[in-house]
file my_file_36.cif (mmCIF, C-alpha atoms)
data_start
loop_
_atom_site.label_atom_id
_atom_site.label_comp_id
_atom_site.auth_asym_id
_atom_site.auth_seq_id
_atom_site.Cartn_x
_atom_site.Cartn_y
_atom_site.Cartn_z
CA MET A 1 56.05 9.46 102.21
CA THR A 2 52.51 8.36 101.36
CA GLU A 3 49.85 10.69 102.77
CA GLN A 4 47.98 8.89 105.53
CA PRO A 5 44.19 9.25 105.69
CA ARG A 6 43.28 11.51 108.60
CA PHE A 7 39.96 9.95 109.51
CA ILE A 8 38.42 6.55 110.07
CA GLU A 9 34.76 5.60 110.41
CA VAL A 10 33.88 2.37 112.20
CA ALA A 11 30.86 0.56 113.61
CA ALA A 12 30.32 1.24 117.31
CA SER A 13 31.67 -2.12 118.41
CA THR A 14 34.41 -2.89 120.92
CA GLU A 15 35.81 -5.13 118.18
CA ASN A 16 37.00 -1.94 116.43
CA LEU A 17 38.88 -0.48 119.40
CA LEU A 18 42.15 -2.05 118.26
CA ALA A 19 41.90 -0.67 114.70
CA VAL A 20 41.13 2.84 115.98
CA ARG A 21 43.93 2.68 118.59
CA ASN A 22 46.40 1.65 115.88
CA PHE A 23 45.17 4.34 113.47
CA VAL A 24 45.65 7.07 116.05
CA ALA A 25 48.99 5.74 117.31
CA ARG A 26 50.33 5.69 113.74
CA HIS A 27 49.44 9.36 113.31
CA ALA A 28 50.82 10.30 116.72
CA ARG A 29 54.18 8.79 115.76
CA LEU A 30 54.11 10.50 112.37
CA HIS A 31 53.62 13.79 114.20
CA GLY A 32 56.79 13.14 116.16
CA PHE A 33 55.53 11.82 119.49
CA GLY A 34 57.70 9.32 121.37
CA GLU A 35 56.49 5.99 122.74
CA LYS A 36 55.20 7.32 126.09
CA ASP A 37 53.10 10.13 124.58
CA THR A 38 51.85 7.80 121.86
CA GLU A 39 50.74 5.27 124.51
CA GLU A 40 48.92 8.05 126.38
CA ILE A 41 47.10 9.18 123.24
CA ARG A 42 46.27 5.55 122.36
CA LEU A 43 44.75 4.93 125.80
CA SER A 44 42.77 8.20 125.82
CA VAL A 45 41.22 7.39 122.45
CA ASP A 46 40.33 3.87 123.61
CA GLU A 47 38.64 5.25 126.76
CA ALA A 48 36.70 7.88 124.80
CA MET A 49 35.56 5.41 122.15
CA THR A 50 34.57 2.82 124.78
CA ASN A 51 32.42 5.50 126.46
CA VAL A 52 30.70 6.29 123.15
CA ILE A 53 29.97 2.58 122.51
CA LYS A 54 28.68 2.09 126.05
CA HIS A 55 26.96 5.35 126.99
CA ALA A 56 26.16 7.23 123.77
CA TYR A 57 25.01 4.17 121.81
CA GLY A 58 24.22 1.59 124.52
CA TYR A 59 26.21 -1.13 122.66
CA ASP A 60 24.20 -0.70 119.43
CA ASP A 61 26.78 -1.72 116.83
CA SER A 62 24.62 -0.57 113.91
CA LYS A 63 25.71 2.97 114.87
CA LEU A 64 28.85 4.65 113.57
CA ILE A 65 31.78 6.43 115.16
CA TYR A 66 33.89 8.92 113.23
CA VAL A 67 37.46 9.48 114.39
CA SER A 68 39.69 12.16 112.93
CA VAL A 69 43.14 13.52 113.72
CA GLY A 70 44.80 16.82 113.01
CA SER A 71 47.68 19.00 114.05
CA ASP A 72 49.33 22.34 113.86
CA GLU A 73 52.87 23.33 114.86
CA ARG A 74 52.26 22.95 118.56
CA THR A 75 49.37 20.54 119.05
CA PHE A 76 47.97 17.22 117.92
CA TRP A 77 44.28 16.47 118.34
CA VAL A 78 41.96 13.51 118.02
CA ALA A 79 38.21 14.06 117.64
CA ILE A 80 35.63 11.33 118.17
CA GLN A 81 32.13 12.03 116.89
CA ASP A 82 28.84 10.21 117.46
CA ASN A 83 25.11 10.73 117.09
CA GLY A 84 24.00 9.17 120.34
CA HIS A 85 23.21 10.36 123.86
CA ALA A 86 25.38 13.33 124.76
CA PHE A 87 27.78 13.09 127.70
CA ASP A 88 27.08 15.75 130.31
CA ILE A 89 30.55 16.83 131.45
CA SER A 90 28.98 19.01 134.18
CA SER A 91 27.88 15.81 135.94
CA TYR A 92 31.46 14.53 136.06
CA THR A 93 33.20 14.13 139.39
CA THR A 94 36.65 12.70 140.11
CA PRO A 95 36.21 8.98 140.83
CA ASP A 96 36.98 7.65 144.31
CA VAL A 97 38.83 4.47 143.27
CA PRO A 98 39.06 2.83 146.75
CA GLN A 99 35.31 3.38 147.21
CA ARG A 100 34.53 1.97 143.78
CA ILE A 101 36.56 -1.13 144.61
CA LYS A 102 34.67 -1.51 147.92
CA ASN A 103 31.41 -1.26 145.97
CA ARG A 104 32.76 -3.82 143.45
CA GLN A 105 32.18 -1.35 140.63
CA LYS A 106 33.96 -2.16 137.42
CA GLY A 107 34.68 1.10 135.73
CA GLY A 108 33.87 4.77 135.77
CA VAL A 109 37.48 5.89 135.51
CA GLY A 110 37.81 6.46 131.75
CA VAL A 111 37.17 10.21 131.72
CA TYR A 112 39.56 10.63 134.65
CA LEU A 113 42.31 8.89 132.66
CA ILE A 114 41.66 10.99 129.54
CA LYS A 115 41.90 14.19 131.59
CA LYS A 116 45.14 13.02 133.19
CA LEU A 117 46.76 11.91 129.94
CA MET A 118 45.82 14.69 127.52
CA ASP A 119 46.63 18.40 127.78
CA LYS A 120 43.11 19.55 126.94
CA VAL A 121 39.73 17.83 126.53
CA GLU A 122 36.72 19.55 124.96
CA TYR A 123 33.16 18.25 124.72
CA SER A 124 30.59 19.72 122.37
CA SER A 125 27.06 18.79 121.31
CA LYS A 126 24.86 20.17 118.55
CA GLY A 127 21.47 18.50 118.19
CA GLN A 128 22.18 14.78 117.96
CA HIS A 129 25.82 15.35 117.09
CA ASN A 130 28.44 14.99 119.84
CA GLU A 131 32.18 15.40 119.79
CA ILE A 132 35.02 14.88 122.21
CA ARG A 133 38.24 16.53 121.14
CA MET A 134 41.43 15.49 122.91
CA ILE A 135 44.49 17.65 122.48
CA LYS A 136 48.13 16.94 123.26
CA ASN A 137 50.92 19.46 122.94
CA LEU A 138 53.81 18.45 120.72
CA MET B 1 41.55 -11.70 114.98
CA SER B 2 42.21 -12.43 118.62
CA THR B 3 44.41 -9.90 120.35
CA PHE B 4 44.24 -11.34 123.82
CA ASP B 5 44.81 -14.73 125.33
CA ILE B 6 44.98 -16.28 128.79
CA THR B 7 46.95 -19.38 129.71
CA PRO B 8 46.13 -20.82 133.12
CA ARG B 9 48.65 -22.87 135.10
CA LYS B 10 49.34 -23.81 138.68
CA VAL B 11 52.37 -23.49 140.95
CA GLU B 12 51.81 -25.59 144.08
CA SER B 13 48.44 -24.35 145.43
CA VAL B 14 48.49 -21.03 143.57
CA GLU B 15 46.56 -20.39 140.35
CA ILE B 16 48.41 -18.37 137.73
CA LEU B 17 46.92 -16.62 134.72
CA ASP B 18 49.42 -15.63 132.02
CA LEU B 19 48.03 -12.75 129.96
CA THR B 20 49.12 -12.13 126.37
CA GLY B 21 48.26 -9.29 124.00
CA GLU B 22 45.98 -6.31 124.55
CA LEU B 23 43.33 -6.04 127.27
CA ASP B 24 40.50 -3.63 126.45
CA ALA B 25 36.69 -3.44 126.61
CA HIS B 26 36.51 -6.10 123.90
CA THR B 27 38.79 -8.62 125.57
CA ALA B 28 38.11 -7.87 129.29
CA PRO B 29 35.14 -10.32 129.42
CA VAL B 30 37.59 -13.19 128.71
CA LEU B 31 39.60 -12.25 131.81
CA GLU B 32 36.43 -11.81 133.85
CA GLU B 33 35.31 -15.30 132.89
CA SER B 34 38.65 -16.81 133.92
CA ILE B 35 38.54 -15.12 137.33
CA THR B 36 34.89 -15.99 138.04
CA ARG B 37 35.62 -19.60 137.04
CA LEU B 38 38.45 -19.78 139.59
CA ILE B 39 36.17 -18.30 142.28
CA ASP B 40 33.46 -20.87 141.40
CA GLU B 41 36.07 -23.61 141.77
CA GLN B 42 36.96 -22.15 145.19
CA LYS B 43 40.47 -21.26 144.04
CA TYR B 44 41.08 -17.97 145.76
CA ASN B 45 44.87 -17.52 145.55
CA ILE B 46 45.40 -16.00 142.12
CA ILE B 47 48.43 -14.48 140.44
CA VAL B 48 48.01 -12.61 137.19
CA ASN B 49 51.30 -12.56 135.28
CA PHE B 50 51.54 -9.60 132.87
CA THR B 51 54.86 -10.51 131.19
CA SER B 52 53.34 -10.73 127.70
CA LEU B 53 50.59 -8.13 128.13
CA ASP B 54 51.32 -5.14 125.90
CA TYR B 55 48.35 -2.90 126.65
CA ILE B 56 45.59 -2.34 129.22
CA SER B 57 42.65 0.09 129.30
CA SER B 58 40.35 0.88 132.23
CA ALA B 59 38.02 -1.94 131.11
CA GLY B 60 40.83 -4.35 131.98
CA LEU B 61 41.51 -2.64 135.30
CA GLY B 62 37.78 -2.81 136.00
CA VAL B 63 37.90 -6.60 136.19
CA PHE B 64 40.39 -6.35 139.06
CA MET B 65 38.28 -3.63 140.71
CA ALA B 66 35.19 -5.85 140.63
CA TYR B 67 36.63 -9.04 142.18
CA ILE B 68 39.42 -8.10 144.60
CA GLU B 69 37.08 -7.47 147.58
CA GLU B 70 35.22 -10.73 147.06
CA LEU B 71 38.47 -12.70 146.90
CA ARG B 72 39.86 -11.02 150.00
CA ASP B 73 36.59 -11.69 151.86
CA LEU B 74 37.05 -15.35 150.92
CA GLY B 75 40.57 -15.35 152.35
CA GLY B 76 42.38 -15.07 149.02
CA ASP B 77 43.89 -12.34 146.88
CA ILE B 78 44.80 -11.39 143.33
CA LYS B 79 48.46 -10.49 143.07
CA LEU B 80 49.69 -8.78 139.91
CA THR B 81 53.22 -9.40 138.64
CA ASN B 82 55.78 -8.76 135.87
CA MET B 83 54.17 -5.64 134.37
CA LYS B 84 55.76 -3.66 131.56
CA GLU B 85 56.31 -0.02 132.48
CA SER B 86 53.56 1.25 130.13
CA VAL B 87 51.03 -1.13 131.71
CA PHE B 88 52.14 -0.32 135.27
CA ASN B 89 51.73 3.41 134.51
CA VAL B 90 47.98 2.92 133.95
CA PHE B 91 47.58 1.14 137.31
CA ASP B 92 49.70 3.84 138.92
CA LEU B 93 47.55 6.71 137.57
CA LEU B 94 44.56 5.26 139.40
CA GLY B 95 46.39 4.65 142.66
CA PHE B 96 46.33 0.86 142.38
CA PRO B 97 49.78 0.29 143.93
CA ALA B 98 48.32 1.30 147.32
CA LEU B 99 45.32 -1.01 146.92
CA TYR B 100 46.71 -4.10 145.18
CA ASP B 101 49.73 -6.31 145.71
CA ILE B 102 51.75 -5.48 142.57
CA LEU B 103 55.06 -7.33 142.48
CA GLU B 104 57.99 -7.40 140.10
CA GLU B 105 58.36 -11.16 140.01
CA GLU B 106 55.88 -14.00 140.02
CA GLN B 107 58.07 -16.08 142.38
CA GLU B 108 57.74 -13.39 145.04
CA ALA B 109 53.94 -13.54 144.79
CA VAL B 110 53.98 -17.36 145.00
CA ARG B 111 56.19 -17.16 148.09
CA LYS B 112 53.84 -14.67 149.75
CA PHE B 113 50.83 -16.90 149.14
CA LEU B 114 52.59 -20.03 150.40
CA ASN B 115 53.90 -18.27 153.52
CA SER B 116 50.42 -16.99 154.40
CA ASN B 117 48.78 -20.41 153.83
CA PRO B 118 51.41 -22.91 155.05
CA GLN B 119 48.82 -25.70 155.35
CA ASP B 120 47.95 -25.61 151.62
#

call {"tool": "encode", "arguments": {"input": "my_file_36.cif", "output": "structure tokens"}}
result
Amino acid sequence: MTEQPRFIEVAASTENLLAVRNFVARHARLHGFGEKDTEEIRLSVDEAMTNVIKHAYGYDDSKLIYVSVGSDERTFWVAIQDNGHAFDISSYTTPDVPQRIKNRQKGGVGVYLIKKLMDKVEYSSKGQHNEIRMIKNL
Amino acid sequence: MSTFDITPRKVESVEILDLTGELDAHTAPVLEESITRLIDEQKYNIIVNFTSLDYISSAGLGVFMAYIEELRDLGGDIKLTNMKESVFNVFDLLGFPALYDILEEEQEAVRKFLNSNPQD
């Protein structure tokens, strides 16, 4: 089997969501995940990358996003790195979906989905460098 | 490359949007435009048929979150039908089945609209 590259770097554009989703899903399958787990990883990565495009970079598509995958015997992880505004996880609260619908608010549920779908989510920031690492147990 | 497409059609007085492909933050504005156009044309009874939709992210769900109240205030609704299990699971995680009319078959949604607006 040909060795698959374990990282991809793309411009911070929603146009690249599909390519990154497919890259990660391919690796998830190679690591032995079934369709349901693969779909959950695919969605989590999409939500995390959309947040970077929107919040870290404010839709500036001259910026770059670096996505890498890795695994050991028991876990598979996807890391998304950016150099934009850091996400403050301490400010996160569980979204009240009925209230958001009443307020006609479009989103704000991405982090909630990631937390539901992955086994572990870690945020880290060093200077201008931010990373979200999403881990799923094999 | 386009990964998402909408085909509008009409069954009696009900507007139907057939979604195809993958709905994410890149393609959600296309859906938003279709729904706002129907509202502008005062067409408030809308069914979104998901038969050929393979993927949805929260950006796609967000479009439904933003317009359902307005449509209901105007006497209409958006009913969602024919979802694949993987797509339904995303709606389910956010509690949408309690907030939206999600039906297995389009015909059932058409029937519900016609029964609630017999004069149309």

call {"tool": "resolve_selection", "arguments": {"input": "my_file_36.cif", "expression": "the PyMOL selection byres ((chain A) within 9 of (chain B))", "output": "list in words"}}
result
Ser13, Thr14, Glu15, Asn16, Leu17, Leu18, Lys36, Glu39, Leu43, Ser44, Asp46, Glu47, Thr50, Val97, Pro98, Arg100, Ile101, Lys102, Asn103, Arg104, Gln105, Lys106, Gly107, Gly108, Val109, Gly110, Tyr112, Leu113 and Lys116 of chain A

call {"tool": "atom_distance", "arguments": {"input": "my_file_36.cif", "atom1": "atom CA of Val110 of chain B", "atom2": "atom CA of Ile78 of chain B"}}
result
11.1 Å

call {"tool": "closest_residue", "arguments": {"input": "my_file_36.cif", "among": "B:Leu80, B:Ile39, B:Leu71, B:Ile102", "to": "Leu19 of chain B", "atoms": "all atoms listed in the file"}}
result
B:Leu80

call {"tool": "resolve_selection", "arguments": {"input": "my_file_36.cif", "expression": "the PyMOL selection byres ((chain B and resi 82) around 9)", "output": "list in words"}}
result
Val48, Asn49, Phe50, Thr51, Ser52, Leu80, Thr81, Met83, Lys84, Ile102, Leu103, Glu104, Glu105 and Glu106 of chain B

call {"tool": "atom_distance", "arguments": {"input": "my_file_36.cif", "atom1": "atom CA of Arg111 of chain B", "atom2": "atom CA of Gly21 of chain B"}}
result
26.6 Å

call {"tool": "residues_around", "arguments": {"input": "my_file_36.cif", "residues": "Ile8 of chain A", "least_positions_apart": "6", "cutoff": "12 Å", "atoms": "all atoms listed in the file", "output": "ChimeraX atom specification"}}
result
/A:16-17,19-24,27,64-69,78-81

call {"tool": "residues_around", "arguments": {"input": "my_file_36.cif", "residues": "segment 120-128 of chain A", "least_positions_apart": "6", "cutoff": "10 Å", "atoms": "all atoms listed in the file", "output": "list in words"}}
result
Trp77, Val78, Ala79, Ile80, Gln81, Asp82, Asn83, Gly84, His85, Ala86, Phe87, Asp88, Ile89, Val111, Ile114, Met134, Ile135, Lys136 and Asn137 of chain A

call {"tool": "residues_around", "arguments": {"input": "my_file_36.cif", "residues": "Ser116 of chain B", "least_positions_apart": "4", "cutoff": "12 Å", "atoms": "all atoms listed in the file", "output": "list in words"}}
result
Ser13, Val14, Asn45, Gly75, Gly76, Asp77, Ala109, Val110, Arg111, Lys112 and Asp120 of chain B

call {"tool": "atom_distance", "arguments": {"input": "my_file_36.cif", "atom1": "atom CA of Ala28 of chain A", "atom2": "atom CA of Thr20 of chain B"}}
result
24.5 Å

call {"tool": "closest_residue", "arguments": {"input": "my_file_36.cif", "among": "A:Glu131, A:Ala48, A:Asp61, A:Arg74", "to": "Lys115 of chain A", "atoms": "all atoms listed in the file"}}
result
A:Ala48

call {"tool": "closest_residue", "arguments": {"input": "my_file_36.cif", "among": "A:Asp96, A:Arg6, A:Val45, A:Ser90", "to": "Arg133 of chain A", "atoms": "all atoms listed in the file"}}
result
A:Val45

call {"tool": "closest_residue", "arguments": {"input": "my_file_36.cif", "among": "A:Thr94, A:Pro5, A:Arg42, A:Ala11", "to": "Tyr59 of chain A", "atoms": "only C-alpha atoms"}}
result
A:Ala11

call {"tool": "resolve_selection", "arguments": {"input": "my_file_36.cif", "expression": "the PyMOL selection byres ((chain B and resi 17) around 8)", "output": "list of chain:residue names"}}
result
B:Ile6, B:Thr7, B:Pro8, B:Arg9, B:Glu15, B:Ile16, B:Asp18, B:Leu19, B:Ile46, B:Ile47, B:Val48, B:Asn49

call {"tool": "decode", "arguments": {"input": "my_file_36.cif", "residues": "segment 48-59 of chain B", "atoms": "N, CA and C atoms", "output": "PDB file, in the first residue's frame"}}
result
ATOM      1  N   VAL B  48     -38.140  20.718   2.189  1.00  0.00           N
ATOM      2  CA  VAL B  48     -36.783  20.470   1.719  1.00  0.00           C
ATOM      3  C   VAL B  48     -36.596  18.953   1.691  1.00  0.00           C
ATOM      4  N   ASN B  49     -36.372  18.442   0.467  1.00  0.00           N
ATOM      5  CA  ASN B  49     -36.223  16.998   0.281  1.00  0.00           C
ATOM      6  C   ASN B  49     -34.722  16.649   0.244  1.00  0.00           C
ATOM      7  N   PHE B  50     -34.318  15.790   1.201  1.00  0.00           N
ATOM      8  CA  PHE B  50     -32.888  15.480   1.401  1.00  0.00           C
ATOM      9  C   PHE B  50     -32.450  14.185   0.707  1.00  0.00           C
ATOM     10  N   THR B  51     -33.309  13.605  -0.141  1.00  0.00           N
ATOM     11  CA  THR B  51     -32.992  12.290  -0.724  1.00  0.00           C
ATOM     12  C   THR B  51     -31.551  12.188  -1.233  1.00  0.00           C
ATOM     13  N   SER B  52     -31.092  13.199  -1.964  1.00  0.00           N
ATOM     14  CA  SER B  52     -29.760  13.111  -2.587  1.00  0.00           C
ATOM     15  C   SER B  52     -28.710  13.935  -1.845  1.00  0.00           C
ATOM     16  N   LEU B  53     -29.017  14.315  -0.599  1.00  0.00           N
ATOM     17  CA  LEU B  53     -28.010  15.048   0.185  1.00  0.00           C
ATOM     18  C   LEU B  53     -27.164  14.040   0.975  1.00  0.00           C
ATOM     19  N   ASP B  54     -25.854  14.086   0.756  1.00  0.00           N
ATOM     20  CA  ASP B  54     -24.966  13.090   1.361  1.00  0.00           C
ATOM     21  C   ASP B  54     -24.331  13.560   2.659  1.00  0.00           C
ATOM     22  N   TYR B  55     -24.339  14.885   2.892  1.00  0.00           N
ATOM     23  CA  TYR B  55     -23.577  15.399   4.032  1.00  0.00           C
ATOM     24  C   TYR B  55     -24.140  16.747   4.456  1.00  0.00           C
ATOM     25  N   ILE B  56     -24.158  16.997   5.770  1.00  0.00           N
ATOM     26  CA  ILE B  56     -24.545  18.329   6.264  1.00  0.00           C
ATOM     27  C   ILE B  56     -23.672  18.689   7.470  1.00  0.00           C
ATOM     28  N   SER B  57     -23.233  19.940   7.539  1.00  0.00           N
ATOM     29  CA  SER B  57     -22.529  20.431   8.732  1.00  0.00           C
ATOM     30  C   SER B  57     -23.436  21.454   9.415  1.00  0.00           C
ATOM     31  N   SER B  58     -22.967  22.009  10.535  1.00  0.00           N
ATOM     32  CA  SER B  58     -23.835  22.931  11.281  1.00  0.00           C
ATOM     33  C   SER B  58     -24.115  24.213  10.490  1.00  0.00           C
ATOM     34  N   ALA B  59     -23.270  24.526   9.504  1.00  0.00           N
ATOM     35  CA  ALA B  59     -23.550  25.699   8.665  1.00  0.00           C
ATOM     36  C   ALA B  59     -24.837  25.478   7.869  1.00  0.00           C
TER      37      ALA B  59
END
